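Here's work_23.txt, which has compact mmCIF, C-alpha atoms:
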```
# COMPACT_ATOMS: atom_id res chain seq x y z
CA MET S 559 -6.15 11.15 19.87
CA PRO S 560 -9.80 10.07 19.92
CA ALA S 561 -10.66 6.59 21.16
CA TRP S 562 -11.33 3.89 18.58
CA THR S 563 -15.07 3.19 18.71
CA GLY S 564 -15.36 0.40 16.15
CA GLY S 565 -14.79 2.25 12.90
CA LEU S 566 -17.19 2.37 9.96
CA SER S 567 -18.59 -1.14 9.50
CA GLY S 568 -21.36 -0.36 7.03
CA VAL S 569 -22.74 2.32 4.75
CA PRO S 570 -23.24 5.42 6.95
CA GLU S 571 -26.73 6.73 7.50
CA GLY S 572 -27.75 9.28 4.89
CA ILE S 573 -25.44 7.94 2.16
CA THR S 574 -26.86 6.28 -0.95
CA PHE S 575 -24.24 3.94 -2.34
CA ASP S 576 -24.16 1.20 -4.97
CA PRO S 577 -20.75 -0.54 -4.76
CA LYS S 578 -21.20 -1.97 -8.26
CA THR S 579 -21.38 1.47 -9.85
CA GLN S 580 -19.75 3.87 -7.36
CA HIS S 581 -16.66 4.37 -5.28
CA PRO S 582 -17.58 4.89 -1.61
CA PRO S 583 -18.84 8.46 -1.04
CA ASN S 584 -17.13 10.61 1.56
CA PRO S 585 -18.73 9.85 4.95
CA PHE S 586 -17.33 13.11 6.37
CA PRO S 587 -18.37 15.75 3.81
CA ASP S 588 -18.88 18.46 6.43
CA ASP S 589 -15.41 18.22 7.95
CA LYS S 590 -13.50 21.49 7.68
CA ILE S 591 -9.77 22.15 7.59
CA LYS S 592 -8.52 22.63 11.16
CA TYR S 593 -5.22 24.18 10.10
CA THR S 594 -2.78 24.21 7.19
CA ILE S 595 0.96 23.57 7.47
CA THR S 596 3.31 25.28 5.03
CA SER S 597 7.04 25.88 4.85
CA LYS S 598 6.50 29.11 6.79
CA ASN S 599 4.77 27.69 9.88
CA MET S 600 6.07 24.11 9.90
CA ALA S 601 8.22 24.77 12.97
CA ASP S 602 5.01 25.19 14.99
CA TYR S 603 4.06 21.57 14.22
CA ASP S 604 7.51 19.98 14.35
CA ALA S 605 6.48 17.25 16.81
CA LEU S 606 3.73 16.02 14.48
CA LEU S 607 5.74 15.96 11.25
CA THR S 608 7.81 13.09 9.90
CA ASP S 609 11.23 13.85 8.44
CA GLY S 610 9.82 13.08 5.01
CA HIS S 611 7.02 15.61 5.32
CA LYS S 612 9.43 18.23 6.66
CA ALA S 613 11.54 17.71 3.54
CA MET S 614 8.48 17.97 1.28
CA LEU S 615 7.44 21.26 2.88
CA LYS S 616 10.95 22.68 2.50
CA ARG S 617 11.72 21.46 -1.02
CA VAL S 618 8.48 21.31 -3.02
CA PRO S 619 7.12 24.76 -3.94
CA GLY S 620 3.45 25.11 -3.04
CA PHE S 621 3.24 21.89 -1.04
CA LYS S 622 1.10 22.18 2.08
CA MET S 623 -0.69 19.86 4.47
CA ASN S 624 -4.36 20.48 5.18
CA VAL S 625 -5.12 18.90 8.55
CA TYR S 626 -8.61 17.66 9.43
CA GLN S 627 -10.32 16.11 12.43
CA SER S 628 -8.93 12.68 13.29
CA ARG S 629 -11.37 9.95 12.29
CA ARG S 630 -10.43 6.41 13.31
CA SER S 631 -12.70 4.97 10.66
CA CYS S 632 -10.83 1.77 9.78
CA THR S 633 -12.07 -1.65 10.80
CA VAL S 634 -12.44 -5.18 9.41
CA PRO S 635 -15.31 -7.69 9.31
CA LYS S 636 -16.29 -9.40 12.56
CA PHE S 637 -15.02 -12.79 11.40
CA VAL S 638 -11.58 -11.25 10.86
CA GLN S 639 -11.65 -9.69 14.32
CA GLU S 640 -12.42 -13.13 15.75
CA ALA S 641 -9.54 -14.64 13.77
CA THR S 642 -7.20 -11.99 15.20
CA LYS S 643 -8.17 -13.05 18.73
CA ARG S 644 -7.34 -16.68 17.88
CA ASN S 645 -4.05 -15.67 16.26
CA ALA S 646 -2.88 -14.05 19.50
CA THR S 647 -2.30 -17.53 20.98
CA THR S 648 -1.69 -19.69 17.89
CA VAL S 649 0.64 -17.79 15.53
CA GLU S 650 4.41 -17.79 15.87
CA LEU S 651 7.43 -16.81 13.82
CA ALA S 652 9.46 -19.55 12.20
CA THR S 653 12.70 -19.80 10.21
CA ASP S 654 14.29 -16.88 12.08
CA GLY S 655 11.37 -14.60 11.36
CA ALA S 656 11.18 -15.40 7.65
CA ARG S 657 7.89 -17.25 7.94
CA VAL S 658 4.65 -17.18 9.92
CA ALA S 659 3.36 -20.49 11.28
CA GLY S 660 -0.26 -21.04 12.24
CA GLY S 661 -3.31 -18.80 12.05
CA ASN S 662 -5.07 -17.10 9.18
CA MET S 663 -7.21 -14.13 8.12
CA GLY S 664 -6.60 -11.72 10.97
CA THR S 665 -3.62 -9.80 12.32
CA PRO S 666 -1.01 -12.47 13.12
CA PHE S 667 0.52 -10.70 16.15
CA PRO S 668 -2.07 -8.35 17.68
CA ILE S 669 -0.08 -7.82 20.90
CA THR S 670 3.55 -7.05 20.10
CA PRO S 671 6.27 -4.39 20.13
CA SER S 672 8.56 -6.59 17.98
CA ALA S 673 9.64 -4.92 14.73
CA THR S 674 9.65 -8.21 12.83
CA GLN S 675 6.17 -9.10 14.05
CA LEU S 676 4.89 -5.60 13.30
CA MET S 677 6.13 -5.99 9.73
CA TRP S 678 4.33 -9.31 9.42
CA ASN S 679 1.20 -7.58 10.72
CA HIS S 680 1.61 -5.13 7.86
CA ARG S 681 2.23 -7.76 5.20
CA LEU S 682 -0.66 -9.97 6.33
CA ARG S 683 -3.21 -7.31 7.23
CA TYR S 684 -6.68 -8.21 6.01
CA VAL S 685 -7.64 -7.62 2.39
CA PRO S 686 -10.62 -9.19 0.59
CA THR S 687 -9.80 -12.73 -0.52
CA ARG S 688 -10.73 -12.18 -4.16
CA MET S 689 -10.41 -8.72 -5.62
CA MET S 690 -10.29 -7.12 -9.07
CA ARG S 691 -9.75 -3.47 -9.94
CA TYR S 692 -8.86 -1.02 -12.65
CA SER S 693 -6.28 1.61 -11.77
CA ARG S 694 -3.64 3.95 -13.16
CA ASN S 695 0.00 4.61 -12.42
CA VAL S 696 1.33 8.07 -13.24
CA PRO S 697 5.12 8.64 -13.23
CA VAL S 698 5.48 12.44 -13.20
CA LYS S 699 8.72 13.96 -14.46
CA ALA S 700 10.48 16.85 -12.75
CA ASP S 701 9.07 19.26 -15.36
CA GLY S 702 5.50 18.12 -14.58
CA SER S 703 4.94 16.08 -17.74
CA TYR S 704 3.60 12.55 -17.47
CA GLU S 705 2.18 9.57 -19.32
CA MET S 706 -0.58 7.53 -17.69
CA ILE S 707 -0.28 3.77 -17.42
CA SER S 708 -3.62 1.95 -17.15
CA LEU S 709 -3.88 -1.49 -15.55
CA PHE S 710 -6.37 -4.21 -14.78
CA GLN S 711 -5.41 -6.10 -11.64
CA SER S 712 -6.72 -9.21 -9.94
CA GLN S 713 -5.58 -10.67 -6.64
CA LEU S 714 -6.27 -13.81 -4.63
CA SER S 715 -5.10 -13.67 -1.01
CA GLN S 716 -4.85 -17.08 0.61
CA TRP S 717 -4.13 -15.62 4.06
CA SER S 718 -7.56 -13.98 3.98
CA ASP S 719 -9.35 -17.15 2.89
CA SER S 720 -11.31 -18.69 5.77
CA ALA S 721 -11.48 -22.00 3.88
CA ILE S 722 -7.73 -22.55 4.21
CA GLU S 723 -6.50 -24.14 7.43
CA ARG S 724 -3.00 -22.90 8.11
CA ASN S 725 -0.95 -25.52 9.89
CA GLY S 726 2.69 -24.50 9.79
CA GLY S 727 2.20 -22.01 6.94
CA ALA S 728 1.28 -22.33 3.28
CA ASP S 729 3.73 -21.86 0.44
CA LEU S 730 1.87 -18.87 -1.01
CA TYR S 731 -0.17 -16.13 0.49
CA VAL S 732 -1.10 -14.06 -2.56
CA PHE S 733 -1.47 -14.47 -6.30
CA ARG S 734 -1.55 -11.30 -8.40
CA LYS S 735 -2.05 -10.61 -12.08
CA ASP S 736 -1.50 -7.19 -13.68
CA THR S 737 -2.59 -6.53 -17.26
CA LEU S 738 -1.38 -3.33 -18.91
CA LEU S 739 -4.08 -1.57 -20.92
CA ALA S 740 -2.31 1.68 -21.90
CA PRO S 741 -0.25 3.31 -23.33
CA PRO S 742 -0.46 1.42 -26.64
CA ALA S 743 3.22 0.45 -26.54
CA LEU S 744 2.59 -1.55 -23.35
CA ALA S 745 -0.99 -2.70 -23.90
CA GLY S 746 -1.48 -6.44 -23.53
CA VAL S 747 1.57 -7.14 -21.38
CA VAL S 748 0.60 -9.33 -18.42
CA ASP S 749 2.62 -9.85 -15.22
CA LEU S 750 1.75 -12.87 -13.07
CA VAL S 751 3.10 -12.95 -9.51
CA HIS S 752 3.17 -15.77 -6.97
CA GLU S 753 4.10 -14.14 -3.65
CA PRO S 754 5.38 -16.57 -0.98
CA ILE S 755 4.84 -16.45 2.74
CA SER S 756 7.92 -18.56 3.47
CA GLY S 757 10.57 -15.87 3.24
CA PRO S 758 13.92 -15.73 1.45
CA THR S 759 14.13 -19.45 0.75
CA ALA S 760 11.15 -19.06 -1.59
CA LEU S 761 11.26 -15.68 -3.33
CA ARG S 762 8.36 -14.37 -5.37
CA LYS S 763 7.93 -15.90 -8.80
CA LEU S 764 7.04 -13.79 -11.82
CA TRP S 765 5.93 -14.70 -15.30
CA GLN S 766 5.29 -12.25 -18.13
CA TYR S 767 3.21 -12.51 -21.26
CA SER S 768 4.15 -10.30 -24.21
CA PRO S 769 1.62 -9.79 -27.03
CA GLY S 770 4.52 -9.17 -29.40
CA THR S 771 5.92 -12.68 -29.00
CA ARG S 772 2.70 -14.30 -27.74
CA ARG S 773 4.83 -16.20 -25.27
CA VAL S 774 4.89 -16.59 -21.53
CA ARG S 775 8.35 -16.41 -20.00
CA ARG S 776 9.62 -16.79 -16.46
CA VAL S 777 11.26 -13.57 -15.31
CA PRO S 778 14.15 -14.15 -12.87
CA ASP S 779 15.30 -12.17 -9.84
CA ILE S 780 12.28 -9.90 -9.45
CA SER S 781 12.50 -8.95 -5.80
CA TYR S 782 14.11 -6.53 -3.36
CA ASP S 783 15.29 -3.39 -5.21
CA SER S 784 14.41 -4.47 -8.72
CA PRO S 785 12.53 -1.60 -10.42
CA GLY S 786 8.80 -1.79 -9.81
CA SER S 787 6.61 -2.63 -12.77
CA SER S 788 4.96 0.46 -14.30
CA SER S 789 6.76 2.76 -11.86
CA GLY S 790 8.88 4.74 -14.28
CA GLY S 791 11.94 3.74 -12.27
CA MET S 792 10.59 5.62 -9.23
CA SER S 793 9.97 2.61 -7.00
CA THR S 794 11.29 -0.83 -6.13
CA VAL S 795 9.49 -4.15 -6.15
CA ASP S 796 9.64 -4.40 -2.36
CA SER S 797 8.10 -0.93 -1.90
CA LEU S 798 4.57 -1.91 -2.93
CA ASN S 799 2.12 -0.95 -0.15
CA GLY S 800 4.97 0.65 1.76
CA PHE S 801 6.94 -2.58 2.03
CA ASP S 802 6.32 -5.93 0.39
CA GLY S 803 9.03 -8.54 0.40
CA PRO S 804 11.46 -10.61 2.46
CA LEU S 805 12.84 -9.02 5.62
CA ASP S 806 16.23 -10.69 5.47
CA ARG S 807 18.41 -7.89 4.07
CA TYR S 808 17.78 -5.53 6.97
CA ASP S 809 18.16 -5.38 10.72
CA TRP S 810 14.78 -4.32 12.08
CA SER S 811 14.05 -2.34 15.23
CA THR S 812 11.03 -0.66 16.79
CA VAL S 813 11.65 3.02 17.44
CA GLY S 814 8.38 3.35 19.34
CA ARG S 815 4.90 4.79 18.99
CA ARG S 816 4.10 8.40 18.30
CA VAL S 817 1.29 10.62 17.09
CA SER S 818 2.05 11.98 13.63
CA LEU S 819 0.21 13.59 10.76
CA MET S 820 -0.68 10.90 8.25
CA PRO S 821 -2.74 10.70 5.06
CA TYR S 822 -6.12 9.26 6.08
CA ASN S 823 -9.74 9.11 4.90
CA SER S 824 -8.67 10.28 1.45
CA TYR S 825 -12.14 10.36 -0.10
CA MET S 826 -11.61 13.79 -1.70
CA LEU S 827 -8.69 12.35 -3.60
CA VAL S 828 -10.93 9.70 -5.17
CA SER S 829 -13.55 12.24 -6.26
CA THR S 830 -11.01 14.60 -7.87
CA LYS S 831 -10.56 14.25 -11.62
CA LEU S 832 -7.17 12.78 -12.33
CA GLU S 833 -6.06 15.71 -14.49
CA ALA S 834 -6.79 18.10 -11.60
CA LEU S 835 -4.98 15.87 -9.11
CA ILE S 836 -1.61 15.53 -10.87
CA GLY S 837 0.52 18.60 -10.19
CA ARG S 838 4.12 19.56 -10.69
CA GLY S 839 6.16 18.39 -7.71
CA SER S 840 3.27 16.74 -5.86
CA LEU S 841 -0.37 15.78 -5.99
CA ASN S 842 -2.76 18.71 -5.65
CA PRO S 843 -2.55 19.49 -1.90
CA ASP S 844 -6.16 20.71 -1.82
CA SER S 845 -7.33 17.16 -2.60
CA LEU S 846 -5.30 15.58 0.21
CA ARG S 847 -6.35 15.02 3.80
CA TYR S 848 -4.01 14.63 6.76
CA GLU S 849 -5.01 13.67 10.30
CA SER S 850 -3.24 13.02 13.59
CA HIS S 851 -2.92 9.26 14.10
CA ARG S 852 -0.89 7.03 16.37
CA VAL S 853 1.69 5.02 14.45
CA TRP S 854 4.34 2.43 15.15
CA VAL S 855 7.72 3.65 13.89
CA VAL S 856 9.91 0.82 12.60
CA GLU S 857 13.46 1.28 11.35
CA ALA S 858 15.27 -1.00 8.90
CA LYS S 859 19.05 -0.76 8.48
CA LEU S 860 20.79 -2.61 5.67
CA ARG S 861 22.99 -5.42 6.92
CA ALA S 862 26.71 -5.07 6.23
CA ASP S 863 26.81 -8.16 4.00
CA GLN S 864 23.73 -7.19 1.94
CA LYS S 865 22.98 -4.86 -0.96
CA HIS S 866 19.95 -2.68 -1.61
CA ALA S 867 19.31 0.76 -3.13
CA TYR S 868 17.78 1.82 0.20
CA HIS S 869 20.32 1.59 3.01
CA ARG S 870 17.84 2.73 5.64
CA ARG S 871 14.07 2.83 5.82
CA VAL S 872 11.85 4.44 8.45
CA LEU S 873 8.30 3.10 8.27
CA HIS S 874 5.19 4.52 9.93
CA LEU S 875 2.55 1.82 10.57
CA ASP S 876 -1.02 2.79 11.45
CA GLU S 877 -1.80 1.50 14.94
CA ASP S 878 -5.34 0.55 13.88
CA THR S 879 -4.55 -1.35 10.65
CA TYR S 880 -0.76 -1.89 10.57
CA ALA S 881 -0.75 -0.41 7.07
CA ILE S 882 2.35 1.63 6.28
CA LEU S 883 1.05 5.16 5.80
CA ALA S 884 4.41 6.86 5.24
CA ALA S 885 8.05 5.86 4.85
CA GLU S 886 11.38 7.63 4.52
CA LEU S 887 13.94 5.95 2.27
CA TYR S 888 17.66 6.76 2.56
CA ASP S 889 20.48 6.23 0.08
CA GLY S 890 23.94 4.75 0.62
CA ARG S 891 25.32 8.08 1.84
CA GLY S 892 22.67 8.36 4.53
CA ARG S 893 20.76 11.09 2.70
CA LEU S 894 16.97 11.18 2.62
CA TRP S 895 16.11 10.11 -0.92
CA ARG S 896 12.41 9.38 -1.17
CA LEU S 897 9.17 9.76 0.74
CA GLN S 898 6.41 7.20 0.35
CA GLU S 899 2.79 7.88 1.25
CA THR S 900 -0.23 5.58 1.23
CA HIS S 901 -3.59 7.32 0.99
CA THR S 902 -6.44 5.04 2.06
CA ILE S 903 -10.20 5.04 2.46
CA ASN S 904 -12.55 2.67 4.22
CA PHE S 905 -14.55 0.63 1.73
CA TYR S 906 -17.13 0.53 4.49
CA HIS S 907 -19.48 -1.91 2.75
CA VAL S 908 -16.83 -4.65 3.31
CA PRO S 909 -15.43 -3.08 5.64
CA VAL S 910 -11.71 -2.68 4.90
CA CYS S 911 -9.29 0.21 4.45
CA LEU S 912 -7.39 0.02 1.14
CA PRO S 913 -5.07 2.35 -0.78
CA VAL S 914 -6.58 4.67 -3.36
CA VAL S 915 -3.19 6.13 -4.28
CA GLU S 916 0.39 5.42 -3.33
CA THR S 917 2.99 8.12 -3.89
CA VAL S 918 6.78 8.10 -4.04
CA TYR S 919 8.41 11.54 -4.01
CA ASP S 920 12.01 12.20 -5.04
CA LEU S 921 13.43 14.46 -2.32
CA GLN S 922 16.74 14.98 -4.10
CA GLY S 923 15.04 16.84 -6.93
CA LYS S 924 16.09 14.62 -9.79
CA SER S 925 13.13 12.65 -11.09
CA GLY S 926 9.73 13.96 -9.99
CA TYR S 927 7.32 11.56 -8.32
CA LEU S 928 5.13 8.51 -8.84
CA ALA S 929 1.41 8.28 -8.14
CA SER S 930 0.17 4.69 -8.41
CA SER S 931 -2.97 2.64 -7.73
CA LEU S 932 -5.19 5.60 -8.66
CA ILE S 933 -8.85 4.64 -9.08
CA ASN S 934 -10.11 8.09 -10.11
CA ASP S 935 -12.40 7.89 -13.15
CA GLU S 936 -12.21 4.07 -13.07
CA ARG S 937 -14.97 1.57 -12.42
CA PRO S 938 -15.41 0.44 -8.78
CA LEU S 939 -13.36 -2.31 -7.18
CA ASP S 940 -14.83 -5.80 -7.22
CA VAL S 941 -14.10 -7.00 -3.69
CA ASP S 942 -15.91 -10.31 -4.09
CA ALA S 943 -14.65 -11.71 -7.40
CA GLN S 944 -15.86 -15.28 -6.91
CA ALA S 945 -14.59 -16.38 -10.32
CA LEU S 946 -11.00 -16.17 -9.07
CA ASN S 947 -9.31 -19.35 -7.83
CA PRO S 948 -5.72 -20.66 -7.77
CA ALA S 949 -6.14 -22.16 -11.24
CA SER S 950 -6.70 -18.62 -12.54
CA TYR S 951 -3.07 -17.88 -11.66
CA ALA S 952 -1.35 -20.82 -13.29
CA PRO S 953 1.21 -19.65 -15.89
CA GLU S 954 -0.77 -21.39 -18.62
CA ALA S 955 -3.81 -19.30 -17.66
CA ILE S 956 -1.95 -16.00 -17.72
CA ARG S 957 -4.22 -14.45 -20.35
CA SER S 958 -7.47 -15.24 -18.55
CA PHE S 959 -9.35 -12.64 -16.50
CA THR S 960 -7.41 -9.85 -18.16
CA ILE S 961 -10.26 -7.57 -19.19
CA ARG S 962 -13.78 -7.51 -17.78
```
Would you write the structure of this file as structure tokens?
Amino acid sequence: MPAWTGGLSGVPEGITFDPKTQHPPNPFPDDKIKYTITSKNMADYDALLTDGHKAMLKRVPGFKMNVYQSRRSCTVPKFVQEATKRNATTVELATDGARVAGGNMGTPFPITPSATQLMWNHRLRYVPTRMMRYSRNVPVKADGSYEMISLFQSQLSQWSDSAIERNGGADLYVFRKDTLLAPPALAGVVDLVHEPISGPTALRKLWQYSPGTRRVRRVPDISYDSPGSSSGGMSTVDSLNGFDGPLDRYDWSTVGRRVSLMPYNSYMLVSTKLEALIGRGSLNPDSLRYESHRVWVVEAKLRADQKHAYHRRVLHLDEDTYAILAAELYDGRGRLWRLQETHTINFYHVPVCLPVVETVYDLQGKSGYLASSLINDERPLDVDAQALNPASYAPEAIRSFTIR
């Protein structure tokens, strides 16, 4: 593993880039494939492969992993790095790990082997405070057919807001609004989410606007293993970004740290036309990039008195960002059911590493896969949407900021 030398904290020399009109160009265009892993030679790389990737190589015809030079490109702005240093001595868990008290902006627990604290590092990793983007979700059936779902999304992250002083924890850490633009049968539907930081005593709240009724209604019980919006039934609400929800239904443990092959620096994926990217059984492997990276491996086992579609989860958290880059999801019989991947790039003009596609693969061969958060062929992310404020996310304002 190479040493971390600060990551990419600005537009690299030699790259012309306008963030208002372009996605970030690939800063490593000359990198060549070091080696390719297939079902035939996977035994040679057994120590670097997760169980999910081993299953993909065995079960998905044509799937391969092109491995490139490891580039530890991720970083965050200096003011976030300074906040992380402060958090090391001011943040603590409260309410039996269901809430974070103190601190803001940076990684809450920068020095920890605790599984619960590692998961909070994942959930509260830095993202721009005010962000808007257009994206697509593509549920792909087992026969390779699909229908694209287009969305406009806006998000306000209070944890990332330097103007908020966090004494004991705020009630909310993120507001999110998703407006469906296509297909026509779904166009105009708006989901409004208030995501709490205070754990299971204050679950996420969801409202939905339907153009058919022109009414806003409160939607109950949208958490845990409820089907994810626009996922084609291929994902759960608490699977967004690898894991996004209360921790209380599982017993959490840290397996340890290891070097594994992970999706990373996925700039080729962004520049590939969407139609060329979506394949039968998996995304086009020639557009994917895998690298050796050190990850924290965290295991979640369903508690005996709880219910969830996933009885066991094995999560692989990037050591540099705490983002979940891959996860294995197991059913009630202990069988590997699904593999999640998060493909990220560094939006180096911020700088911050964010997903440019999230995938969920069915490893039992029943329902294809889901590719979500795709920004191919879409306008660039707005990572400084100053017009967004908490009032934008009041239920009565659900139709505002839907299309720009």
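Among the candidate residues S:Leu805, S:Ile573, S:Leu607, S:Ala743, the one lying nearest to Leu761 in chain S is S:Leu805, with distances computed using all atoms listed in the file.
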- Go ahead and compute the interatomic distance for CA of Ser768 in chain S and CA of Ser703 in chain S, in Å to one decimal. 27.2 Å
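If you look at CA of Val915 in chain S and CA of Ala929 in chain S, they are 6.4 Å away from each other.
Distances here use all atoms listed in the file; by that measure, the residue among S:Thr608, S:Gln675, S:Lys865, S:Leu566 closest to Arg816 in chain S is S:Thr608.
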- Task: Pick out the residues sitting within 6 Å of range 871-879 of chain S, and hand them over as a PyMOL selection string; count all atoms listed in the file, and ignore anything fewer than 5 positions along from it in its own chain.
- Result: chain S and resi 852-858+884-887
- Message: For Cys632 in chain S, find every residue with an atom within 12 Å (counting all atoms listed in the file), except residues of its own chain fewer than 4 positions away, and show them as a PyMOL selection string.
- Response: chain S and resi 562-568+628+684+822-823+851+876-881+902-912
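Take the candidates S:Ile669, S:Thr900, S:Glu640, S:Ser931 and check each one against Ser708 in chain S using all atoms listed in the file; the shortest distance goes to S:Ser931.
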- Rank S:Leu841, S:Val774, S:Met792, S:Met559 by their smallest atom-to-atom distance to Lys622 in chain S, using all atoms listed in the file, and report the top residue only. S:Leu841
- For Gly790 in chain S, the nearest of the candidates S:Trp895, S:Trp678, S:Tyr927, S:Tyr888, counting only C-alpha atoms: S:Tyr927
- Task: Compile the contact shell of Leu835 in chain S as a PyMOL selection string: residues with an atom at most 10 Å away, counting only C-alpha atoms, same-chain residues fewer than 5 positions apart removed.
- Result: chain S and resi 827-830+840-846+929+934
Please dump the current selection as a compact mmCIF listing (two decimals), in the coordinates of the input; keep C-alpha atoms.
```txt
# COMPACT_ATOMS: atom_id res chain seq x y z
CA LEU S 827 -8.69 12.35 -3.60
CA VAL S 828 -10.93 9.70 -5.17
CA SER S 829 -13.55 12.24 -6.26
CA THR S 830 -11.01 14.60 -7.87
CA SER S 840 3.27 16.74 -5.86
CA LEU S 841 -0.37 15.78 -5.99
CA ASN S 842 -2.76 18.71 -5.65
CA PRO S 843 -2.55 19.49 -1.90
CA ASP S 844 -6.16 20.71 -1.82
CA SER S 845 -7.33 17.16 -2.60
CA LEU S 846 -5.30 15.58 0.21
CA ALA S 929 1.41 8.28 -8.14
CA ASN S 934 -10.11 8.09 -10.11
```
With 5 Å added on each side, what axis-aligned box encloses every listed atom of range 603-607 of chain S? Give the centre and edge lengths in Å to one decimal, as AutoDock Vina command-line options.
```
--center_x 5.6 --center_y 18.8 --center_z 14.0 --size_x 13.8 --size_y 15.6 --size_z 15.6
```
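Restricting the calculation to only C-alpha atoms, the smallest distance between Lys612 in chain S and any of S:Met663, S:Leu798, S:Leu921, S:Val634 is found for S:Leu921.
Picture a line from CA of Met623 in chain S to CA of Val698 in chain S; it runs 20.1 Å.
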- Could you tell me, as a ChimeraX atom specification, which residues have any atom at most 9 Å from (-9.2, -11.2, -3.7), counting only C-alpha atoms? /S:685-690,712-716,718-719,732-734,940-944,946
